[in-house]
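This report concerns only the one structure given below.
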Amino acid sequence: MGKDYYKVLGISRGASEDEIKKAYRKQALRFHPDKNKSAGAEDKFKEIAEAYDVLSDAKKKDIYDRFGEEGLKGSADGGGGGHGGPSYNYTFQGDPHAIFTEFFGGRSPFDHFFSQNGEDDMDIHDPFTAFSMGGMGGMGGMGGMGGMQGMGGFHRPFKSHPGGPHRARQRKKDPPVVHELKVSLEEVYSGCTKKMKISRKRLNPDGCTMRSEDKILTVDIKRGWKEGTKITFPREGDETPSNIPADVVFVVKDKPHPLFRREGSDIVYPAKISLREALCGCTVNAPTLDGRTITVASADVVKPGTKKRIAGEGLPLSKCPEKRGDMILDFSVKFPDKLGQSTRDALKQILPP
């Protein structure tokens, strides 16, 4: 009979990804050998890491669910129990402490002992979080710290934070790292996906040394997003033993367009016409963002600064992308540089005073 990884984590088959993570968090904290000095805690801690390593990986979990530990670790149709399944040959070779460190993002989960605000996904059912929720009072305040000797020596500096609990308490989150994300009006019109590469520092599993790495962040630009829209990637900044990684924030910025300028969800097209067209009527062929041409005729006198609105030919509305803003024709009249005397005389006769 093979190992029951679900039983190791204290969950039932069919548990969700979040339930698996929560169960690992709870069990790993309970049996971490730095905190649990009972016999067998180290072996239990490793067993918990192995169970999480399998159940958190979709491929390993699928094979385990179908063929059990035998099918996962050997040939399911040979030494694996004759289930007729594939040969996976899984062997747990991971470092349970490295898995623990990676799971908690390089920070010590035991920071809660020295915090009163219970950051992140604190689980009130975890055996250690009671102390961060005012539970110290039941031990006679700080005077009760002496009784903690029998609980694994919580007063000692934690290995994941060189310098002890005082250093853990001083870890602060860095301010956001902001980048401009330039998009064209055509991209705002249609929507697009941008892949942004960032370089950052990450803690190694030992919790002390660091490495440099690149990461690709994918940003889905939604139709109609306005300039200034912010997309935040939590804690993707530099990570050091003394900080909480900053959020990485991308701010949408419009690229200059050769034909249009943007006003919210409207686009403005500068329509240049001659003086004769302004006085006698004109026809403007206006391009659109999707490659069409709209013909707009005007028989009225067009004064400098006159605007004409064409409904529904602008950008999608950010909150209702199936609707669109307008295109605005912004007329500018080109006057002649000079006029001959005969033209001047004719205009004096024709034009009103």
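Labeling convention for the structure tokens: chains A, B, ... as they appear, residues from 1 per chain, ligands from 1 in order of appearance.
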
(message) When you look at range 18-21 of chain A with a cut-off of 10 Å (counting only C-alpha atoms), what residues show up, excluding the ones that are within fewer than 4 positions of it in the same chain? I need them as a list in words.
(response)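 The residues satisfying every condition are Tyr6, Leu9, Gly10, Ile11, Ser12, Gly14, Arg25, Lys26, Ala51, Tyr52, Leu55, Ser56 and Phe103 of chain A.
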
(request) Please identify which residues in range 222-305 of chain A DSSP calls strand (DSSP E or B) from the backbone, and express them as a ChimeraX atom specification. (result) /A:230-233,243-244,248-254,261-263,266-274,282-287,293-298

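Closest approach to Ser298 in chain A among A:Gly325, A:Ser38, A:Gly281, A:Glu213 is made by A:Gly281 (distances from only C-alpha atoms).
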
(message) Residues within 10 Å of Ile48 in chain A, please, as a ChimeraX atom specification. Count only C-alpha atoms; anything in the same chain fewer than 3 positions from it doesn't count.
(response) /A:5-10,23-25,27-28,31-32,42-45,51-53,96

(request) Counting only C-alpha atoms, figure out which residue out of A:Tyr189, A:Tyr90, A:Phe250, A:Phe335 gets nearest to Gly228 in chain A. (result) A:Phe250

(message) Using only C-alpha atoms for the distances, tell me which of A:Asp206, A:Thr101, A:His179, A:Phe331 is nearest to Thr232 in chain A.
(response)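 For Thr232 in chain A, the nearest of the candidates is A:His179.
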
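CA of Glu239 in chain A sits 8.0 Å away from CA of Met210 in chain A.
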